[in-house]
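Data file: run38.cif. Format and content: mmCIF, C-alpha atoms.
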data_data
#
loop_
_atom_site.group_PDB
_atom_site.id
_atom_site.type_symbol
_atom_site.label_atom_id
_atom_site.label_comp_id
_atom_site.auth_asym_id
_atom_site.auth_seq_id
_atom_site.Cartn_x
_atom_site.Cartn_y
_atom_site.Cartn_z
ATOM 1 C CA MET S 2 -115.982 14.941 -101.509
ATOM 2 C CA ALA S 3 -118.512 12.901 -103.470
ATOM 3 C CA PHE S 4 -118.522 11.775 -107.090
ATOM 4 C CA SER S 5 -121.447 11.324 -109.438
ATOM 5 C CA SER S 6 -122.300 7.672 -110.011
ATOM 6 C CA SER S 7 -122.247 8.143 -113.779
ATOM 7 C CA THR S 8 -118.626 9.172 -113.636
ATOM 8 C CA LEU S 9 -117.035 6.317 -111.688
ATOM 9 C CA SER S 10 -119.477 3.447 -112.266
ATOM 10 C CA PRO S 11 -117.832 0.561 -114.177
ATOM 11 C CA HIS S 12 -121.096 0.029 -116.041
ATOM 12 C CA SER S 13 -121.334 3.609 -117.218
ATOM 13 C CA SER S 14 -120.927 4.265 -120.928
ATOM 14 C CA THR S 15 -119.124 7.491 -120.188
ATOM 15 C CA THR S 16 -115.344 7.074 -119.845
ATOM 16 C CA HIS S 17 -113.517 9.169 -117.298
ATOM 17 C CA PRO S 18 -111.093 11.526 -119.040
ATOM 18 C CA LEU S 19 -108.151 10.305 -116.904
ATOM 19 C CA ILE S 20 -108.940 6.556 -116.996
ATOM 20 C CA LEU S 21 -107.926 5.160 -120.354
ATOM 21 C CA SER S 22 -107.875 1.377 -120.510
ATOM 22 C CA ARG S 23 -104.611 -0.136 -121.712
ATOM 23 C CA SER S 24 -103.190 3.241 -122.710
ATOM 24 C CA PRO S 25 -99.578 4.151 -121.977
ATOM 25 C CA LEU S 26 -98.802 7.131 -119.790
ATOM 26 C CA SER S 27 -97.289 8.999 -122.722
ATOM 27 C CA SER S 28 -100.666 8.965 -124.488
ATOM 28 C CA LEU S 29 -102.403 10.843 -121.698
ATOM 29 C CA PRO S 30 -103.229 14.463 -122.487
ATOM 30 C CA LYS S 31 -100.813 16.974 -120.988
ATOM 31 C CA THR S 32 -103.668 19.027 -119.532
ATOM 32 C CA THR S 33 -107.062 17.567 -118.603
ATOM 33 C CA THR S 34 -110.100 19.271 -117.146
ATOM 34 C CA ALA S 35 -112.143 17.117 -114.804
ATOM 35 C CA THR S 36 -115.462 17.993 -113.165
ATOM 36 C CA PHE S 37 -116.027 16.823 -109.591
ATOM 37 C CA LEU S 38 -119.186 17.123 -107.487
ATOM 38 C CA THR S 39 -118.230 18.281 -104.002
ATOM 39 C CA THR S 40 -120.069 19.267 -100.860
ATOM 40 C CA SER S 41 -119.322 22.187 -98.618
ATOM 41 C CA SER S 42 -119.175 19.938 -95.522
ATOM 42 C CA SER S 43 -117.632 16.563 -94.700
ATOM 43 C CA SER S 44 -120.589 15.551 -92.499
ATOM 44 C CA SER S 45 -122.240 12.279 -93.550
ATOM 45 C CA PHE S 46 -125.368 12.789 -91.424
ATOM 46 C CA ARG S 47 -126.894 15.794 -93.212
ATOM 47 C CA PRO S 48 -126.443 15.817 -97.002
ATOM 48 C CA LEU S 49 -126.001 19.259 -98.497
ATOM 49 C CA PRO S 50 -126.510 20.472 -102.057
ATOM 50 C CA PHE S 51 -123.774 19.595 -104.536
ATOM 51 C CA HIS S 52 -121.648 22.221 -106.202
ATOM 52 C CA ASN S 53 -119.891 21.823 -109.523
ATOM 53 C CA THR S 54 -116.129 22.373 -109.239
ATOM 54 C CA THR S 55 -113.851 22.395 -112.257
ATOM 55 C CA THR S 56 -110.300 21.295 -111.565
ATOM 56 C CA THR S 57 -107.429 21.391 -114.057
ATOM 57 C CA ILE S 58 -104.912 18.559 -113.698
ATOM 58 C CA GLN S 59 -101.522 19.076 -115.327
ATOM 59 C CA CYS S 60 -99.641 15.932 -116.366
ATOM 60 C CA VAL S 61 -95.883 16.492 -116.218
ATOM 61 C CA ASP S 62 -93.360 14.388 -118.088
ATOM 62 C CA LYS S 63 -90.724 13.784 -115.410
ATOM 63 C CA ALA S 64 -88.013 12.742 -117.848
ATOM 64 C CA SER S 65 -88.323 15.932 -119.866
ATOM 65 C CA SER S 66 -88.379 18.122 -116.747
ATOM 66 C CA LEU S 67 -84.976 16.952 -115.476
ATOM 67 C CA ASP S 68 -82.127 19.356 -116.132
ATOM 68 C CA PRO S 69 -78.835 17.489 -116.710
ATOM 69 C CA LYS S 70 -76.912 20.550 -115.541
ATOM 70 C CA THR S 71 -78.274 20.448 -111.997
ATOM 71 C CA GLY S 72 -76.042 17.577 -110.907
ATOM 72 C CA VAL S 73 -76.993 14.653 -108.696
ATOM 73 C CA ALA S 74 -77.122 14.133 -104.939
ATOM 74 C CA VAL S 75 -75.549 10.664 -105.020
ATOM 75 C CA TYR S 76 -73.279 9.590 -107.851
ATOM 76 C CA LYS S 77 -72.906 5.850 -108.495
ATOM 77 C CA PRO S 78 -71.725 5.168 -112.049
ATOM 78 C CA LYS S 79 -72.243 1.585 -113.134
ATOM 79 C CA SER S 80 -69.187 1.480 -115.406
ATOM 80 C CA TYR S 81 -66.339 3.532 -116.791
ATOM 81 C CA GLU S 82 -68.478 4.055 -119.884
ATOM 82 C CA VAL S 83 -70.956 6.022 -117.764
ATOM 83 C CA LEU S 84 -68.091 7.836 -116.037
ATOM 84 C CA VAL S 85 -66.526 8.910 -119.336
ATOM 85 C CA THR S 86 -69.890 9.982 -120.769
ATOM 86 C CA ASP S 87 -70.667 12.160 -117.754
ATOM 87 C CA ALA S 88 -67.198 13.716 -117.870
ATOM 88 C CA ALA S 89 -67.603 14.514 -121.573
ATOM 89 C CA ASN S 90 -71.057 15.994 -120.971
ATOM 90 C CA SER S 91 -69.744 18.222 -118.174
ATOM 91 C CA LEU S 92 -66.941 19.400 -120.452
ATOM 92 C CA ALA S 93 -69.410 20.103 -123.262
ATOM 93 C CA TYR S 94 -71.617 22.206 -120.960
ATOM 94 C CA ALA S 95 -68.570 24.215 -119.860
ATOM 95 C CA LEU S 96 -67.533 24.816 -123.463
ATOM 96 C CA GLU S 97 -71.044 25.918 -124.379
ATOM 97 C CA ASP S 98 -70.947 28.351 -121.470
ATOM 98 C CA GLY S 99 -67.808 30.006 -122.816
ATOM 99 C CA LYS S 100 -65.334 28.709 -120.235
ATOM 100 C CA THR S 101 -61.730 28.179 -121.359
ATOM 101 C CA ARG S 102 -59.850 26.550 -118.453
ATOM 102 C CA PHE S 103 -61.013 23.158 -117.153
ATOM 103 C CA GLU S 104 -59.900 20.279 -114.985
ATOM 104 C CA ILE S 105 -61.204 16.705 -115.123
ATOM 105 C CA ASP S 106 -60.015 14.283 -112.473
ATOM 106 C CA PHE S 107 -61.211 10.770 -111.668
ATOM 107 C CA PRO S 108 -59.462 7.448 -110.918
ATOM 108 C CA PRO S 109 -58.061 6.015 -114.171
ATOM 109 C CA LEU S 110 -58.036 2.511 -112.689
ATOM 110 C CA PRO S 111 -60.340 0.715 -110.224
ATOM 111 C CA SER S 112 -60.022 1.892 -106.637
ATOM 112 C CA ASN S 113 -58.472 -1.393 -105.469
ATOM 113 C CA ILE S 114 -55.335 -0.481 -107.466
ATOM 114 C CA SER S 115 -53.769 2.470 -105.689
ATOM 115 C CA SER S 116 -51.378 4.877 -107.378
ATOM 116 C CA TYR S 117 -48.602 3.688 -105.066
ATOM 117 C CA LYS S 118 -48.981 -0.036 -105.726
ATOM 118 C CA GLY S 119 -49.825 -0.034 -109.428
ATOM 119 C CA SER S 120 -47.390 0.254 -112.289
ATOM 120 C CA SER S 121 -46.814 3.755 -113.656
ATOM 121 C CA ASP S 122 -47.222 2.449 -117.202
ATOM 122 C CA ASP S 123 -50.669 1.108 -116.282
ATOM 123 C CA PHE S 124 -51.789 4.548 -115.143
ATOM 124 C CA ILE S 125 -50.217 6.295 -118.135
ATOM 125 C CA ASP S 126 -51.853 3.945 -120.641
ATOM 126 C CA ALA S 127 -55.205 4.063 -118.834
ATOM 127 C CA ASN S 128 -55.166 7.872 -118.940
ATOM 128 C CA VAL S 129 -54.493 7.841 -122.677
ATOM 129 C CA GLN S 130 -57.368 5.436 -123.281
ATOM 130 C CA LEU S 131 -59.742 7.480 -121.128
ATOM 131 C CA ALA S 132 -58.663 10.729 -122.776
ATOM 132 C CA LEU S 133 -59.418 9.272 -126.204
ATOM 133 C CA ALA S 134 -62.785 8.013 -124.943
ATOM 134 C CA VAL S 135 -63.690 11.466 -123.600
ATOM 135 C CA VAL S 136 -62.684 13.038 -126.914
ATOM 136 C CA ARG S 137 -64.863 10.556 -128.793
ATOM 137 C CA LYS S 138 -67.869 11.280 -126.561
ATOM 138 C CA LEU S 139 -67.288 15.019 -126.815
ATOM 139 C CA LYS S 140 -67.175 14.907 -130.610
ATOM 140 C CA GLU S 141 -70.543 13.126 -130.587
ATOM 141 C CA ARG S 142 -72.048 16.168 -128.870
ATOM 142 C CA LYS S 143 -70.286 18.934 -130.779
ATOM 143 C CA GLU S 144 -67.675 19.340 -133.476
ATOM 144 C CA THR S 145 -64.298 19.725 -131.775
ATOM 145 C CA ARG S 146 -60.702 19.615 -132.982
ATOM 146 C CA VAL S 147 -58.683 18.288 -130.060
ATOM 147 C CA CYS S 148 -54.931 18.308 -129.594
ATOM 148 C CA ILE S 149 -53.663 15.885 -126.920
ATOM 149 C CA VAL S 150 -50.408 17.189 -125.447
ATOM 150 C CA PHE S 151 -47.923 14.766 -123.837
ATOM 151 C CA PRO S 152 -45.073 15.666 -121.470
ATOM 152 C CA ASP S 153 -42.333 15.044 -124.046
ATOM 153 C CA LYS S 154 -41.615 13.468 -127.423
ATOM 154 C CA PRO S 155 -40.777 9.976 -126.073
ATOM 155 C CA GLU S 156 -44.169 9.839 -124.339
ATOM 156 C CA ARG S 157 -45.896 11.068 -127.479
ATOM 157 C CA ARG S 158 -44.104 8.498 -129.627
ATOM 158 C CA ARG S 159 -44.985 5.662 -127.260
ATOM 159 C CA ALA S 160 -48.664 6.648 -127.163
ATOM 160 C CA SER S 161 -48.832 7.031 -130.953
ATOM 161 C CA GLU S 162 -47.473 3.503 -131.370
ATOM 162 C CA LEU S 163 -49.767 1.867 -128.817
ATOM 163 C CA PHE S 164 -52.970 3.748 -129.676
ATOM 164 C CA ARG S 165 -52.511 4.514 -133.361
ATOM 165 C CA THR S 166 -55.625 2.600 -134.385
ATOM 166 C CA ALA S 167 -57.776 4.343 -131.765
ATOM 167 C CA ILE S 168 -56.514 7.780 -132.808
ATOM 168 C CA ASP S 169 -57.173 6.978 -136.470
ATOM 169 C CA SER S 170 -60.741 5.872 -135.684
ATOM 170 C CA ILE S 171 -61.603 9.138 -133.929
ATOM 171 C CA GLY S 172 -60.385 11.436 -136.676
ATOM 172 C CA ASP S 173 -59.812 15.184 -136.616
ATOM 173 C CA ILE S 174 -57.410 14.866 -133.690
ATOM 174 C CA THR S 175 -53.769 15.869 -133.347
ATOM 175 C CA ILE S 176 -51.083 15.063 -130.799
ATOM 176 C CA GLY S 177 -48.249 17.187 -129.500
ATOM 177 C CA SER S 178 -45.825 17.515 -126.619
ATOM 178 C CA LEU S 179 -44.420 20.177 -124.333
ATOM 179 C CA ASP S 180 -41.207 19.927 -126.387
ATOM 180 C CA ASP S 181 -43.023 21.864 -129.123
ATOM 181 C CA VAL S 182 -42.345 25.030 -127.115
ATOM 182 C CA PRO S 183 -38.951 26.482 -128.020
ATOM 183 C CA GLY S 184 -36.630 26.477 -125.008
ATOM 184 C CA GLY S 185 -33.479 28.282 -123.964
ATOM 185 C CA PRO S 186 -29.934 26.945 -124.215
ATOM 186 C CA VAL S 187 -30.154 25.028 -120.939
ATOM 187 C CA THR S 188 -33.483 23.431 -121.861
ATOM 188 C CA MET S 189 -32.258 22.458 -125.297
ATOM 189 C CA PHE S 190 -29.122 20.921 -123.744
ATOM 190 C CA PHE S 191 -31.112 18.654 -121.422
ATOM 191 C CA ARG S 192 -33.483 17.738 -124.231
ATOM 192 C CA SER S 193 -30.574 16.666 -126.401
ATOM 193 C CA ILE S 194 -29.236 14.465 -123.582
ATOM 194 C CA ARG S 195 -32.650 12.895 -123.086
ATOM 195 C CA ASN S 196 -33.057 12.204 -126.788
ATOM 196 C CA THR S 197 -29.589 10.664 -126.897
ATOM 197 C CA LEU S 198 -30.289 8.329 -123.987
ATOM 198 C CA ASP S 199 -33.644 7.372 -125.464
ATOM 199 C CA PHE S 200 -31.875 5.335 -128.191
ATOM 200 C CA ASP S 201 -34.843 5.625 -130.517
ATOM 201 C CA PHE S 202 -34.568 8.586 -132.817
ATOM 202 C CA GLU S 203 -37.186 7.711 -135.404
ATOM 203 C CA ASP S 204 -40.878 8.330 -134.955
ATOM 204 C CA GLU S 205 -42.844 6.411 -137.569
ATOM 205 C CA ASN S 206 -45.991 8.440 -136.844
ATOM 206 C CA GLU S 207 -44.360 11.859 -137.057
ATOM 207 C CA GLY S 208 -46.812 14.127 -138.878
ATOM 208 C CA ARG S 209 -49.403 11.357 -139.232
ATOM 209 C CA TRP S 210 -52.171 13.416 -137.626
ATOM 210 C CA ALA S 211 -50.959 16.876 -138.618
ATOM 211 C CA SER S 212 -53.656 19.405 -139.530
ATOM 212 C CA ASN S 213 -53.666 22.846 -141.107
ATOM 213 C CA GLU S 214 -56.527 23.981 -138.876
ATOM 214 C CA PRO S 215 -55.742 25.037 -135.307
ATOM 215 C CA PRO S 216 -57.191 22.949 -132.451
ATOM 216 C CA SER S 217 -60.304 24.134 -130.651
ATOM 217 C CA LEU S 218 -59.305 22.324 -127.436
ATOM 218 C CA TYR S 219 -55.931 21.415 -125.908
ATOM 219 C CA MET S 220 -55.838 18.424 -123.539
ATOM 220 C CA PHE S 221 -52.785 17.870 -121.311
ATOM 221 C CA ILE S 222 -52.259 14.382 -119.864
ATOM 222 C CA ASN S 223 -49.687 12.432 -117.813
ATOM 223 C CA CYS S 224 -47.733 15.502 -116.689
ATOM 224 C CA SER S 225 -45.834 15.718 -113.396
ATOM 225 C CA THR S 226 -45.174 18.646 -111.071
ATOM 226 C CA ARG S 227 -41.975 19.566 -112.902
ATOM 227 C CA GLU S 228 -43.909 19.869 -116.151
ATOM 228 C CA LEU S 229 -46.573 22.269 -114.849
ATOM 229 C CA ALA S 230 -44.330 25.207 -115.731
ATOM 230 C CA GLY S 231 -44.006 23.739 -119.222
ATOM 231 C CA ILE S 232 -47.802 23.630 -119.534
ATOM 232 C CA GLU S 233 -47.938 27.303 -118.626
ATOM 233 C CA LYS S 234 -45.395 28.168 -121.337
ATOM 234 C CA PHE S 235 -47.246 26.003 -123.864
ATOM 235 C CA VAL S 236 -50.545 27.759 -123.120
ATOM 236 C CA GLU S 237 -48.897 31.180 -123.377
ATOM 237 C CA GLN S 238 -47.370 30.181 -126.706
ATOM 238 C CA PHE S 239 -50.252 28.372 -128.416
ATOM 239 C CA ALA S 240 -53.486 28.540 -126.382
ATOM 240 C CA MET S 241 -53.969 31.967 -124.848
ATOM 241 C CA SER S 242 -57.577 32.120 -126.086
ATOM 242 C CA THR S 243 -58.117 28.415 -126.824
ATOM 243 C CA PRO S 244 -59.922 26.191 -124.286
ATOM 244 C CA THR S 245 -57.483 24.086 -122.277
ATOM 245 C CA LEU S 246 -58.136 20.921 -120.270
ATOM 246 C CA LEU S 247 -55.929 19.365 -117.585
ATOM 247 C CA PHE S 248 -56.944 15.710 -117.689
ATOM 248 C CA ASN S 249 -56.337 13.419 -114.704
ATOM 249 C CA LEU S 250 -53.209 15.231 -113.555
ATOM 250 C CA GLU S 251 -54.159 14.936 -109.858
ATOM 251 C CA LEU S 252 -53.479 18.621 -109.314
ATOM 252 C CA ASP S 253 -54.243 18.294 -105.599
ATOM 253 C CA THR S 254 -51.151 16.113 -105.278
ATOM 254 C CA LEU S 255 -48.981 18.099 -107.675
ATOM 255 C CA ARG S 256 -49.692 21.407 -105.912
ATOM 256 C CA ALA S 257 -48.216 19.980 -102.689
ATOM 257 C CA ASP S 258 -44.761 19.822 -104.320
ATOM 258 C CA LEU S 259 -44.750 23.418 -105.495
ATOM 259 C CA GLY S 260 -42.048 25.426 -103.775
ATOM 260 C CA LEU S 261 -39.803 22.466 -102.994
ATOM 261 C CA VAL S 262 -36.235 22.278 -104.283
ATOM 262 C CA GLY S 263 -36.198 21.367 -107.952
ATOM 263 C CA PHE S 264 -39.906 22.117 -108.470
ATOM 264 C CA PRO S 265 -41.746 25.213 -109.730
ATOM 265 C CA THR S 266 -42.455 27.969 -107.226
ATOM 266 C CA LYS S 267 -45.762 28.254 -105.405
ATOM 267 C CA ASP S 268 -46.806 31.362 -107.289
ATOM 268 C CA LEU S 269 -47.409 29.085 -110.290
ATOM 269 C CA HIS S 270 -50.686 28.116 -108.632
ATOM 270 C CA TYR S 271 -51.869 31.705 -108.076
ATOM 271 C CA ARG S 272 -50.637 32.832 -111.468
ATOM 272 C CA PHE S 273 -51.780 29.927 -113.637
ATOM 273 C CA LEU S 274 -53.347 26.855 -111.997
ATOM 274 C CA SER S 275 -56.009 28.864 -110.176
ATOM 275 C CA GLN S 276 -57.587 29.656 -113.560
ATOM 276 C CA PHE S 277 -58.698 26.030 -114.025
ATOM 277 C CA ILE S 278 -62.178 25.020 -112.857
ATOM 278 C CA PRO S 279 -62.959 21.375 -111.978
ATOM 279 C CA VAL S 280 -65.867 20.460 -114.232
ATOM 280 C CA PHE S 281 -65.787 16.781 -113.268
ATOM 281 C CA TYR S 282 -63.972 15.624 -110.146
ATOM 282 C CA ILE S 283 -63.832 12.296 -108.305
ATOM 283 C CA ARG S 284 -61.039 11.421 -105.877
ATOM 284 C CA ILE S 285 -60.797 8.255 -103.821
ATOM 285 C CA ARG S 286 -59.942 8.788 -100.167
ATOM 286 C CA GLU S 287 -58.744 6.033 -97.820
ATOM 287 C CA TYR S 288 -58.319 6.318 -94.054
ATOM 288 C CA SER S 289 -55.722 4.353 -92.121
ATOM 289 C CA LYS S 290 -57.163 4.638 -88.585
ATOM 290 C CA VAL S 291 -60.563 3.295 -89.542
ATOM 291 C CA SER S 292 -61.533 0.641 -92.040
ATOM 292 C CA SER S 293 -63.349 2.833 -94.508
ATOM 293 C CA SER S 294 -62.989 4.436 -97.863
ATOM 294 C CA SER S 295 -64.908 7.136 -99.681
ATOM 295 C CA ALA S 296 -65.023 9.099 -102.902
ATOM 296 C CA LEU S 297 -65.234 12.847 -103.183
ATOM 297 C CA TYR S 298 -67.412 13.807 -106.138
ATOM 298 C CA ARG S 299 -68.054 17.113 -107.810
ATOM 299 C CA GLU S 300 -69.802 17.846 -111.090
ATOM 300 C CA LEU S 301 -70.117 21.456 -112.091
ATOM 301 C CA GLN S 302 -73.553 22.738 -112.996
ATOM 302 C CA TRP S 303 -73.505 25.634 -115.394
ATOM 303 C CA SER S 304 -77.124 26.717 -114.902
ATOM 304 C CA ILE S 305 -76.176 28.818 -111.866
ATOM 305 C CA ILE S 306 -73.103 30.782 -110.856
ATOM 306 C CA SER S 307 -71.746 28.510 -108.128
ATOM 307 C CA PRO S 308 -71.045 24.759 -108.399
ATOM 308 C CA ILE S 309 -73.049 22.153 -106.604
ATOM 309 C CA PRO S 310 -71.821 21.221 -103.112
ATOM 310 C CA TRP S 311 -69.201 18.546 -102.635
ATOM 311 C CA THR S 312 -70.675 15.069 -102.243
ATOM 312 C CA LEU S 313 -68.965 12.520 -99.992
ATOM 313 C CA ALA S 314 -70.018 8.966 -100.719
ATOM 314 C CA GLY S 315 -68.432 6.042 -98.951
ATOM 315 C CA ASN S 316 -68.773 2.917 -96.911
ATOM 316 C CA ALA S 317 -67.878 2.711 -93.231
#
Write-out of the structure in structure tokens:
Amino acid sequence: MAFSSSTLSPHSSTTHPLILSRSPLSSLPKTTTATFLTTSSSSSFRPLPFHNTTTTIQCVDKASSLDPKTGVAVYKPKSYEVLVTDAANSLAYALEDGKTRFEIDFPPLPSNISSYKGSSDDFIDANVQLALAVVRKLKERKETRVCIVFPDKPERRRASELFRTAIDSIGDITIGSLDDVPGGPVTMFFRSIRNTLDFDFEDENEGRWASNEPPSLYMFINCSTRELAGIEKFVEQFAMSTPTLLFNLELDTLRADLGLVGFPTKDLHYRFLSQFIPVFYIRIREYSKVSSSSALYRELQWSIISPIPWTLAGNA
């Protein structure tokens, strides 16, 4: 290939259409037609006649061509702010796609604090803070009326006292508990005993965030295996057609207790839990026989039918 001297010469008065001095890349034309003078042979010993060839060069904006729904091969969030934003975005894509049953699961605390060594209150409070952060990010993307559902009234009262300012700052959010579902005589008896032993009968924030409009999303947090059956009854009572999110419940762990004495039966999974799709999933895995740890990551992409493959990222 040869080029005309008038095209590439630095002393030429004619500027090449793709060489713009001190011009940013964004100012380049999206489509440019360039004329090159080529020969039909690569031999340098016998020059052949030149032929005009017109080539169209398409400039592609890489940032605009990326689809956020396609997921990533390696996921390395720099902070919990990035983690929460990505979780909220995945939830928003699922809502836009008409899904109604979701699961979000990622470590509420840094990986060096395991769920067996850390305080339960630390995990409970961290989950509440992260749930509020996800709700805030979600409301920035689309208008949503969220109801955060706690396992019982004491948990709801405690959270409303600790995070009252944060809940007030978000706005258009309500809180509830699994106790809102009417129970039978046995259930009411145990609830009365629990309330009696709680020694705190007054809730200063009762009705503080009440709303006449029904929620457009229910979010269940800090529930144990025993309370999974209560979530099912709550959904049947209030959220049959309303989107429902199980937030950081560690369902993989809770499912292992199904069928044991004192816990719900295993058919709860096939009947109810199997409806929930993990839209954002990160679980830390540690191995005792080797000195290594890894994180299992999954972010659902809604542009195709099936989710992206599981990604295992770790250090050996």
Would you translate the PyMOL selection byres ((chain S and resi 84-86) around 12) into the concrete set of residues it matches in this file, as a ChimeraX atom specification? /S:76-83,87-93,105-110,128,130-142,248,281-283,298,300
In Å, with one decimal, what is the gap from CA of Phe221 in chain S to CA of Gly263 in chain S? 21.6 Å
Output check: residues returned by the PyMOL selection byres ((chain S and resi 157) around 12), as a ChimeraX atom specification: /S:125-126,129,148-156,158-165,175-181,204-208,221-224
Fewer than 6 positions away in the same chain doesn't count, so skip those; otherwise give me all residues within 9 Å of Tyr219 in chain S, counting all atoms listed in the file, as a ChimeraX atom specification. /S:146-150,236,240,243-247
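Using all atoms listed in the file, the set of residues no farther than 6 Å from the position (-54.8, 25.7, -131.1) comprises Pro215, Pro216, Ser217, Phe239 and Ala240 of chain S.
Between CA of Leu255 in chain S and CA of Ser275 in chain S the interatomic distance comes to 13.1 Å.
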Selected residue, from S:Pro183, S:Asn249, S:Asp173, S:Ala127, that lies nearest to Glu214 in chain S when counting only C-alpha atoms: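 Smallest distance to Glu214 in chain S is found for S:Asp173.
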